[in-house]
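Only one structure is covered here, and it is reproduced in the block below.
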Amino acid sequence: MSRVHPAGPRHADVLPEEHPMPPAADLNAMDPLIWPRSATREDGAVTIGGVDVRELAERYGTPLFVYDEEDVRSRAREYVAAFHDGDVHYAGKAFLCTAVVRWLHEEGLGLDVCSGGELAVAMAAGFPAERITMHGSNKSVAELEYALDCGVGRVVLDSFEEIARLGYLAKEKGVRVKVMVRVTTGVEAHTHEFIATAHDDQKFGFSRGNGDALEAVRRVLALDRLELVGLHSHIGSQIFDTDGFEVAAHRLAGLLV
């Protein structure tokens with residue numbers, strides 16, 4: 001049985017042979033790919049960092065988010081070491097509070113934010129604005145103005161309207177903004193259709209296939225206050241097959257020729 005190219009077909013119709021993975025031999029085991037490395041099960045209860053979650057629930061109430069600081073920091077250090085010749089950014093939409101922002105800062109990561117609220121959290125925690133990338137679809141004028149006032153390092157542009165809007169705001173404020181163009185690469189990631197974000201018939205970014213991506217680049221280059229520093233791609237979430245990332249990278253590189 002032949003397997004199609006990793007860029008398709010759509011919506012995980014074909015998955016790598018190793019996915020879905022079989023059930024774990026021990027269903028009570030705490031898989032470190034999902035749980036903090038310090039998570040254990042003792043006497044039928046989960047502990048994280050040596051603390052019984054029942055105690056946490058009793059003290060703080062539920063629902064409750066529980067993070068192990070050392071687990072987060074150690075994983076951050078591993079990412080930084082693995083990509084030592086580039087920058088690693090944490091996606092604020094995963095979970096963001098001022099404590100997490102401080103951990104990221106101290107471990108040398110950058111930060112991606114996709115709303116004015118996330119940017120406000122980062123600013124309240126004292127995160128360096130130049131290490132922040134502002135992205136997200138349909139950013140409001142207020143959010144773009146806030147990003148410019150804070151001096152974020154990069155803004156990811158997601159639509160033709162946003163290119164014009166940011167160019168106008170930057171000119172009004174007398175600043176030059178580093179920007180990236182979000183490209184829809186046509187990679188149909190092996191994940192659920194609702195969290196696949198790079199196939200051509202969806203709302204995010206500029207399509208590589210129909211020429212919109214090149215037109216977006218042309219419009220950015222025509223505006224004196226916008227400085228094009230790169231291309232941006234997001235193919236989806238909860239992805240088990242890394243081949244799609246390679247395909248997307250090659251397609252982005254093709255636009256640079």
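Going by the structure tokens order, chains are called A, B, ..., each with residues numbered from 1, while ligands are numbered from 1 in the order shown.
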
request  = List every residue of region 111-215 of chain A that DSSP, applied to the backbone of this structure, places in alpha helix (DSSP H), and write the result as a ChimeraX atom specification.
outcome  = /A:116-124,141-150,160-173,212-215

Deliver the residues from the most recent selection as a file, using C-alpha atoms, as an mmCIF file, in the first residue's frame.
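Okay, out14.cif is ready:
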data_model
loop_
_atom_site.group_PDB
_atom_site.id
_atom_site.type_symbol
_atom_site.label_atom_id
_atom_site.label_comp_id
_atom_site.auth_asym_id
_atom_site.auth_seq_id
_atom_site.Cartn_x
_atom_site.Cartn_y
_atom_site.Cartn_z
ATOM 1 C CA GLY A 116 -3.392 42.820 23.152
ATOM 2 C CA GLY A 117 -4.131 40.959 26.369
ATOM 3 C CA GLU A 118 -1.193 38.607 25.948
ATOM 4 C CA LEU A 119 1.055 41.539 25.107
ATOM 5 C CA ALA A 120 -0.142 43.339 28.238
ATOM 6 C CA VAL A 121 0.773 40.311 30.381
ATOM 7 C CA ALA A 122 4.258 40.262 28.842
ATOM 8 C CA MET A 123 4.738 43.968 29.446
ATOM 9 C CA ALA A 124 3.516 43.682 33.049
ATOM 10 C CA VAL A 141 -6.156 48.912 15.224
ATOM 11 C CA ALA A 142 -5.808 49.257 18.997
ATOM 12 C CA GLU A 143 -3.739 46.078 19.214
ATOM 13 C CA LEU A 144 -1.445 47.183 16.392
ATOM 14 C CA GLU A 145 -1.016 50.607 17.982
ATOM 15 C CA TYR A 146 -0.205 48.985 21.310
ATOM 16 C CA ALA A 147 2.384 46.738 19.641
ATOM 17 C CA LEU A 148 4.041 49.769 18.053
ATOM 18 C CA ASP A 149 3.975 51.741 21.296
ATOM 19 C CA CYS A 150 5.602 48.829 23.133
ATOM 20 C CA PHE A 160 -3.801 42.767 2.835
ATOM 21 C CA GLU A 161 -5.901 45.046 5.038
ATOM 22 C CA GLU A 162 -3.442 44.567 7.879
ATOM 23 C CA ILE A 163 -0.501 45.494 5.667
ATOM 24 C CA ALA A 164 -2.160 48.801 4.788
ATOM 25 C CA ARG A 165 -3.319 49.374 8.358
ATOM 26 C CA LEU A 166 0.108 48.802 9.905
ATOM 27 C CA GLY A 167 1.839 50.843 7.216
ATOM 28 C CA TYR A 168 -0.473 53.776 7.961
ATOM 29 C CA LEU A 169 -0.030 53.503 11.748
ATOM 30 C CA ALA A 170 3.758 53.237 11.479
ATOM 31 C CA LYS A 171 3.858 56.347 9.305
ATOM 32 C CA GLU A 172 1.615 58.230 11.746
ATOM 33 C CA LYS A 173 3.883 57.303 14.653
ATOM 34 C CA ASP A 212 -1.210 36.154 -2.777
ATOM 35 C CA ALA A 213 1.982 35.573 -0.775
ATOM 36 C CA LEU A 214 4.162 37.216 -3.416
ATOM 37 C CA GLU A 215 1.678 40.074 -3.747
#

inquiry  = Need the shell around Ala29 (chain A): protein/DNA/RNA residues with any atom at most 10 Å away, counting only C-alpha atoms. Skip same-chain ones fewer than 5 positions apart. Format as an MDAnalysis selection string?
reply    = chainID A and resid 24 35 39:41

key: Residues within 7 Å of His135 (chain A), only C-alpha atoms, excluding chain neighbours under 6 positions, as a PyMOL selection string   = chain A and resi 113-114+155-156

For the selection just defined, write its residues with all heavy atoms to a file, as a short mmCIF file (atom, residue, chain, number, x, y, z; two decimals), in the first residue's frame.
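The new file out-v3.cif reads:
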data_model
loop_
_atom_site.label_atom_id
_atom_site.label_comp_id
_atom_site.auth_asym_id
_atom_site.auth_seq_id
_atom_site.Cartn_x
_atom_site.Cartn_y
_atom_site.Cartn_z
N VAL A 113 2.98 36.50 20.92
CA VAL A 113 1.67 36.87 21.47
C VAL A 113 0.72 37.11 20.30
O VAL A 113 1.14 37.52 19.23
CB VAL A 113 1.75 38.13 22.35
CG1 VAL A 113 2.67 37.89 23.54
CG2 VAL A 113 2.22 39.35 21.56
N CYS A 114 -0.56 36.84 20.52
CA CYS A 114 -1.51 37.02 19.42
C CYS A 114 -2.71 37.87 19.83
O CYS A 114 -3.75 37.83 19.16
CB CYS A 114 -1.96 35.67 18.86
SG CYS A 114 -2.77 34.59 20.03
N VAL A 155 6.12 42.07 13.82
CA VAL A 155 4.68 41.90 13.66
C VAL A 155 4.46 40.98 12.46
O VAL A 155 5.02 41.20 11.39
CB VAL A 155 3.96 43.24 13.42
CG1 VAL A 155 2.47 43.01 13.15
CG2 VAL A 155 4.15 44.17 14.61
N VAL A 156 3.66 39.93 12.66
CA VAL A 156 3.33 39.02 11.57
C VAL A 156 2.07 39.52 10.89
O VAL A 156 1.03 39.69 11.53
CB VAL A 156 3.11 37.58 12.09
CG1 VAL A 156 2.69 36.65 10.94
CG2 VAL A 156 4.39 37.06 12.75
#

query = What's the 12 Å shell around Ala45 (chain A), counting only C-alpha atoms, without same-chain residues fewer than 3 positions away, as a count of residues only?
reply = 15

query = In terms of the shortest atom-to-atom distance over only C-alpha atoms, which of A:Pro36, A:Gly244, A:Gly151, A:Gly254 is closest to Gly186 (chain A)?
reply = A:Gly244

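Excluding region 83-97 of chain A and any residue on its chain fewer than 2 positions from it, the residues at most 9 Å away by only C-alpha atoms are Ala76, Glu78, Tyr79, Val80, Ala81, Ala99, Val100, Val101, Arg102, Leu104, Gly108, Leu109, Gly110, Leu111, Asp112, Val113, Cys114, Ser115, Glu118, Leu119, Val121, Ala122, Ala125, Arg131, Ile132 and Thr133 of chain A.
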
Based on the selection just made, write N, CA and C atoms of those residues as a JSON list (two decimals), in the first residue's frame.
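Produced file again.json, reproduced below:
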[["chain", "number", "residue", "atom", "x", "y", "z"],
["A", 76, "ALA", "N", 12.59, 24.37, 28.38],
["A", 76, "ALA", "CA", 13.00, 25.58, 27.67],
["A", 76, "ALA", "C", 14.49, 25.55, 27.36],
["A", 78, "GLU", "N", 16.34, 22.96, 26.97],
["A", 78, "GLU", "CA", 16.59, 21.94, 25.94],
["A", 78, "GLU", "C", 16.29, 22.48, 24.55],
["A", 79, "TYR", "N", 15.20, 23.24, 24.42],
["A", 79, "TYR", "CA", 14.88, 23.84, 23.13],
["A", 79, "TYR", "C", 15.95, 24.83, 22.70],
["A", 80, "VAL", "N", 16.38, 25.66, 23.64],
["A", 80, "VAL", "CA", 17.41, 26.65, 23.34],
["A", 80, "VAL", "C", 18.70, 25.96, 22.90],
["A", 81, "ALA", "N", 19.07, 24.88, 23.57],
["A", 81, "ALA", "CA", 20.28, 24.15, 23.22],
["A", 81, "ALA", "C", 20.15, 23.49, 21.84],
["A", 99, "ALA", "N", 4.25, 34.92, 35.86],
["A", 99, "ALA", "CA", 5.31, 34.02, 36.34],
["A", 99, "ALA", "C", 5.93, 33.26, 35.17],
["A", 100, "VAL", "N", 5.11, 32.72, 34.28],
["A", 100, "VAL", "CA", 5.62, 31.99, 33.12],
["A", 100, "VAL", "C", 6.46, 32.92, 32.25],
["A", 101, "VAL", "N", 6.01, 34.15, 32.07],
["A", 101, "VAL", "CA", 6.76, 35.12, 31.27],
["A", 101, "VAL", "C", 8.15, 35.34, 31.86],
["A", 102, "ARG", "N", 8.22, 35.45, 33.18],
["A", 102, "ARG", "CA", 9.53, 35.65, 33.82],
["A", 102, "ARG", "C", 10.43, 34.44, 33.61],
["A", 104, "LEU", "N", 10.42, 32.40, 31.06],
["A", 104, "LEU", "CA", 10.86, 32.43, 29.67],
["A", 104, "LEU", "C", 11.99, 33.44, 29.48],
["A", 108, "GLY", "N", 16.01, 32.67, 28.39],
["A", 108, "GLY", "CA", 16.50, 33.14, 27.10],
["A", 108, "GLY", "C", 15.60, 32.90, 25.91],
["A", 109, "LEU", "N", 14.31, 32.63, 26.14],
["A", 109, "LEU", "CA", 13.38, 32.43, 25.04],
["A", 109, "LEU", "C", 12.78, 33.75, 24.58],
["A", 110, "GLY", "N", 12.27, 33.74, 23.35],
["A", 110, "GLY", "CA", 11.44, 34.82, 22.86],
["A", 110, "GLY", "C", 9.99, 34.46, 23.16],
["A", 111, "LEU", "N", 9.08, 35.36, 22.79],
["A", 111, "LEU", "CA", 7.67, 35.15, 23.11],
["A", 111, "LEU", "C", 6.80, 35.57, 21.93],
["A", 112, "ASP", "N", 5.88, 34.69, 21.54],
["A", 112, "ASP", "CA", 4.86, 35.01, 20.54],
["A", 112, "ASP", "C", 3.56, 35.36, 21.26],
["A", 113, "VAL", "N", 2.98, 36.50, 20.92],
["A", 113, "VAL", "CA", 1.67, 36.87, 21.47],
["A", 113, "VAL", "C", 0.72, 37.11, 20.30],
["A", 114, "CYS", "N", -0.56, 36.84, 20.52],
["A", 114, "CYS", "CA", -1.51, 37.02, 19.42],
["A", 114, "CYS", "C", -2.71, 37.87, 19.83],
["A", 115, "SER", "N", -2.57, 38.64, 20.89],
["A", 115, "SER", "CA", -3.64, 39.55, 21.29],
["A", 115, "SER", "C", -3.06, 40.66, 22.15],
["A", 118, "GLU", "N", -2.44, 39.34, 25.75],
["A", 118, "GLU", "CA", -1.19, 38.61, 25.95],
["A", 118, "GLU", "C", 0.00, 39.56, 25.97],
["A", 119, "LEU", "N", -0.03, 40.55, 25.11],
["A", 119, "LEU", "CA", 1.06, 41.54, 25.11],
["A", 119, "LEU", "C", 1.09, 42.31, 26.42],
["A", 121, "VAL", "N", 0.19, 41.20, 29.36],
["A", 121, "VAL", "CA", 0.77, 40.31, 30.38],
["A", 121, "VAL", "C", 2.29, 40.34, 30.28],
["A", 122, "ALA", "N", 2.81, 40.25, 29.05],
["A", 122, "ALA", "CA", 4.26, 40.26, 28.84],
["A", 122, "ALA", "C", 4.88, 41.56, 29.33],
["A", 125, "ALA", "N", 5.08, 41.82, 33.08],
["A", 125, "ALA", "CA", 6.14, 40.99, 33.65],
["A", 125, "ALA", "C", 7.53, 41.50, 33.32],
["A", 131, "ARG", "N", 12.07, 41.11, 21.96],
["A", 131, "ARG", "CA", 12.05, 39.65, 21.82],
["A", 131, "ARG", "C", 10.63, 39.11, 21.69],
["A", 132, "ILE", "N", 9.68, 40.02, 21.40],
["A", 132, "ILE", "CA", 8.29, 39.62, 21.24],
["A", 132, "ILE", "C", 7.89, 39.70, 19.77],
["A", 133, "THR", "N", 7.18, 38.68, 19.31],
["A", 133, "THR", "CA", 6.56, 38.69, 17.99],
["A", 133, "THR", "C", 5.05, 38.77, 18.18]]

key: Atom pair CA of Leu226 (chain A) / CA of Val152 (chain A): separation (Å)   =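 Going from CA of Leu226 (chain A) over to CA of Val152 (chain A), I get 13.3 Å.
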
I'd like to know which residues of region 9-252 of chain A are strand (DSSP E) (by DSSP, run on the backbone); could you write them as an mmCIF file with N, CA, C and O atoms, in the first residue's frame?
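Just written: part-v1.cif:
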data_model
loop_
_atom_site.group_PDB
_atom_site.id
_atom_site.type_symbol
_atom_site.label_atom_id
_atom_site.label_comp_id
_atom_site.auth_asym_id
_atom_site.auth_seq_id
_atom_site.Cartn_x
_atom_site.Cartn_y
_atom_site.Cartn_z
ATOM 1 N N THR A 40 3.903 11.960 39.150
ATOM 2 C CA THR A 40 3.858 10.552 39.537
ATOM 3 C C THR A 40 2.456 10.233 40.050
ATOM 4 O O THR A 40 1.654 11.126 40.307
ATOM 5 N N ARG A 41 2.193 8.943 40.174
ATOM 6 C CA ARG A 41 0.932 8.516 40.763
ATOM 7 C C ARG A 41 1.266 7.732 42.025
ATOM 8 O O ARG A 41 1.932 6.699 41.962
ATOM 9 N N GLU A 42 0.824 8.219 43.140
ATOM 10 C CA GLU A 42 1.113 7.584 44.422
ATOM 11 C C GLU A 42 -0.186 7.360 45.189
ATOM 12 O O GLU A 42 -0.951 8.302 45.414
ATOM 13 N N ALA A 45 -3.300 8.767 43.636
ATOM 14 C CA ALA A 45 -3.411 10.210 43.411
ATOM 15 C C ALA A 45 -2.186 10.717 42.661
ATOM 16 O O ALA A 45 -1.077 10.204 42.830
ATOM 17 N N VAL A 46 -2.381 11.736 41.847
ATOM 18 C CA VAL A 46 -1.294 12.335 41.085
ATOM 19 C C VAL A 46 -0.545 13.337 41.956
ATOM 20 O O VAL A 46 -1.152 14.121 42.698
ATOM 21 N N THR A 47 0.774 13.286 41.856
ATOM 22 C CA THR A 47 1.609 14.315 42.483
ATOM 23 C C THR A 47 2.416 14.998 41.388
ATOM 24 O O THR A 47 2.837 14.363 40.422
ATOM 25 N N ILE A 48 2.612 16.279 41.535
ATOM 26 C CA ILE A 48 3.414 17.053 40.585
ATOM 27 C C ILE A 48 4.449 17.825 41.376
ATOM 28 O O ILE A 48 4.114 18.590 42.281
ATOM 29 N N VAL A 51 4.073 17.329 45.064
ATOM 30 C CA VAL A 51 2.898 17.864 45.750
ATOM 31 C C VAL A 51 1.647 17.132 45.265
ATOM 32 O O VAL A 51 1.406 17.028 44.065
ATOM 33 N N ASP A 52 0.856 16.645 46.211
ATOM 34 C CA ASP A 52 -0.379 15.939 45.898
ATOM 35 C C ASP A 52 -1.399 16.931 45.325
ATOM 36 O O ASP A 52 -1.667 17.976 45.923
ATOM 37 N N HIS A 89 10.877 30.745 20.337
ATOM 38 C CA HIS A 89 9.796 31.553 20.894
ATOM 39 C C HIS A 89 8.730 30.645 21.498
ATOM 40 O O HIS A 89 8.359 29.632 20.904
ATOM 41 N N TYR A 90 8.242 31.047 22.646
ATOM 42 C CA TYR A 90 7.140 30.348 23.308
ATOM 43 C C TYR A 90 5.827 30.950 22.827
ATOM 44 O O TYR A 90 5.688 32.174 22.727
ATOM 45 N N ALA A 91 4.851 30.094 22.526
ATOM 46 C CA ALA A 91 3.544 30.573 22.082
ATOM 47 C C ALA A 91 2.692 30.931 23.291
ATOM 48 O O ALA A 91 2.266 30.062 24.051
ATOM 49 N N GLY A 110 12.275 33.740 23.346
ATOM 50 C CA GLY A 110 11.438 34.816 22.864
ATOM 51 C C GLY A 110 9.991 34.461 23.164
ATOM 52 O O GLY A 110 9.689 33.392 23.691
ATOM 53 N N LEU A 111 9.080 35.362 22.792
ATOM 54 C CA LEU A 111 7.670 35.154 23.106
ATOM 55 C C LEU A 111 6.804 35.570 21.928
ATOM 56 O O LEU A 111 6.974 36.651 21.371
ATOM 57 N N ASP A 112 5.877 34.691 21.541
ATOM 58 C CA ASP A 112 4.861 35.014 20.542
ATOM 59 C C ASP A 112 3.561 35.363 21.262
ATOM 60 O O ASP A 112 3.095 34.583 22.106
ATOM 61 N N VAL A 113 2.976 36.497 20.922
ATOM 62 C CA VAL A 113 1.673 36.867 21.468
ATOM 63 C C VAL A 113 0.721 37.107 20.304
ATOM 64 O O VAL A 113 1.140 37.525 19.225
ATOM 65 N N ILE A 132 9.683 40.017 21.403
ATOM 66 C CA ILE A 132 8.287 39.624 21.237
ATOM 67 C C ILE A 132 7.893 39.699 19.772
ATOM 68 O O ILE A 132 8.225 40.663 19.073
ATOM 69 N N THR A 133 7.178 38.679 19.313
ATOM 70 C CA THR A 133 6.557 38.688 17.991
ATOM 71 C C THR A 133 5.052 38.774 18.175
ATOM 72 O O THR A 133 4.467 37.979 18.905
ATOM 73 N N MET A 134 4.433 39.741 17.513
ATOM 74 C CA MET A 134 2.988 39.925 17.588
ATOM 75 C C MET A 134 2.359 39.324 16.346
ATOM 76 O O MET A 134 2.641 39.742 15.224
ATOM 77 N N ARG A 154 8.789 42.115 16.185
ATOM 78 C CA ARG A 154 8.247 41.795 14.867
ATOM 79 C C ARG A 154 6.726 41.756 14.936
ATOM 80 O O ARG A 154 6.152 41.410 15.966
ATOM 81 N N VAL A 155 6.119 42.075 13.816
ATOM 82 C CA VAL A 155 4.682 41.901 13.658
ATOM 83 C C VAL A 155 4.460 40.979 12.462
ATOM 84 O O VAL A 155 5.025 41.200 11.389
ATOM 85 N N VAL A 156 3.659 39.931 12.656
ATOM 86 C CA VAL A 156 3.329 39.016 11.569
ATOM 87 C C VAL A 156 2.067 39.518 10.886
ATOM 88 O O VAL A 156 1.026 39.687 11.530
ATOM 89 N N LEU A 157 2.156 39.751 9.584
ATOM 90 C CA LEU A 157 1.037 40.293 8.818
ATOM 91 C C LEU A 157 0.208 39.165 8.230
ATOM 92 O O LEU A 157 0.745 38.233 7.626
ATOM 93 N N VAL A 177 8.826 49.418 11.276
ATOM 94 C CA VAL A 177 8.443 48.177 11.942
ATOM 95 C C VAL A 177 8.987 46.972 11.177
ATOM 96 O O VAL A 177 8.827 46.880 9.953
ATOM 97 N N LYS A 178 9.597 46.059 11.906
ATOM 98 C CA LYS A 178 10.016 44.795 11.296
ATOM 99 C C LYS A 178 8.799 43.879 11.202
ATOM 100 O O LYS A 178 8.084 43.682 12.187
ATOM 101 N N VAL A 179 8.571 43.323 10.018
ATOM 102 C CA VAL A 179 7.383 42.506 9.811
ATOM 103 C C VAL A 179 7.749 41.188 9.127
ATOM 104 O O VAL A 179 8.786 41.061 8.480
ATOM 105 N N MET A 180 6.839 40.221 9.303
ATOM 106 C CA MET A 180 6.915 38.951 8.601
ATOM 107 C C MET A 180 5.579 38.720 7.908
ATOM 108 O O MET A 180 4.535 39.151 8.401
ATOM 109 N N VAL A 181 5.621 38.059 6.763
ATOM 110 C CA VAL A 181 4.408 37.746 6.016
ATOM 111 C C VAL A 181 4.029 36.295 6.289
ATOM 112 O O VAL A 181 4.841 35.385 6.096
ATOM 113 N N ARG A 182 2.795 36.098 6.758
ATOM 114 C CA ARG A 182 2.328 34.738 7.035
ATOM 115 C C ARG A 182 1.891 34.064 5.738
ATOM 116 O O ARG A 182 0.991 34.553 5.049
ATOM 117 N N VAL A 183 2.526 32.954 5.427
ATOM 118 C CA VAL A 183 2.291 32.248 4.174
ATOM 119 C C VAL A 183 1.511 30.960 4.420
ATOM 120 O O VAL A 183 1.865 30.158 5.291
ATOM 121 N N THR A 184 0.451 30.773 3.655
ATOM 122 C CA THR A 184 -0.278 29.510 3.653
ATOM 123 C C THR A 184 0.408 28.596 2.645
ATOM 124 O O THR A 184 0.328 28.836 1.441
ATOM 125 N N PHE A 206 -1.502 34.301 3.674
ATOM 126 C CA PHE A 206 -1.523 34.526 2.236
ATOM 127 C C PHE A 206 -1.146 33.236 1.509
ATOM 128 O O PHE A 206 -0.119 32.625 1.790
ATOM 129 N N SER A 207 -1.974 32.852 0.556
ATOM 130 C CA SER A 207 -1.755 31.604 -0.160
ATOM 131 C C SER A 207 -0.532 31.679 -1.057
ATOM 132 O O SER A 207 -0.372 32.631 -1.829
ATOM 133 N N LEU A 226 7.601 49.795 6.656
ATOM 134 C CA LEU A 226 7.590 48.365 6.970
ATOM 135 C C LEU A 226 8.867 47.724 6.448
ATOM 136 O O LEU A 226 9.240 47.917 5.289
ATOM 137 N N GLU A 227 9.543 46.987 7.307
ATOM 138 C CA GLU A 227 10.788 46.305 6.941
ATOM 139 C C GLU A 227 10.554 44.791 6.952
ATOM 140 O O GLU A 227 10.338 44.197 8.009
ATOM 141 N N LEU A 228 10.583 44.185 5.782
ATOM 142 C CA LEU A 228 10.353 42.749 5.681
ATOM 143 C C LEU A 228 11.589 41.997 6.178
ATOM 144 O O LEU A 228 12.674 42.147 5.631
ATOM 145 N N VAL A 229 11.409 41.176 7.226
ATOM 146 C CA VAL A 229 12.544 40.449 7.797
ATOM 147 C C VAL A 229 12.380 38.934 7.686
ATOM 148 O O VAL A 229 13.281 38.201 8.083
ATOM 149 N N GLY A 230 11.248 38.469 7.155
ATOM 150 C CA GLY A 230 11.104 37.025 7.038
ATOM 151 C C GLY A 230 9.694 36.601 6.673
ATOM 152 O O GLY A 230 8.791 37.426 6.521
ATOM 153 N N LEU A 231 9.534 35.287 6.521
ATOM 154 C CA LEU A 231 8.243 34.676 6.233
ATOM 155 C C LEU A 231 7.816 33.838 7.429
ATOM 156 O O LEU A 231 8.654 33.302 8.153
ATOM 157 N N HIS A 232 6.527 33.733 7.631
ATOM 158 C CA HIS A 232 5.976 33.023 8.788
ATOM 159 C C HIS A 232 5.060 31.911 8.286
ATOM 160 O O HIS A 232 4.329 32.078 7.315
#

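Between CA of Arg77 (chain A) and CA of Ala129 (chain A) lies a distance of 20.7 Å.
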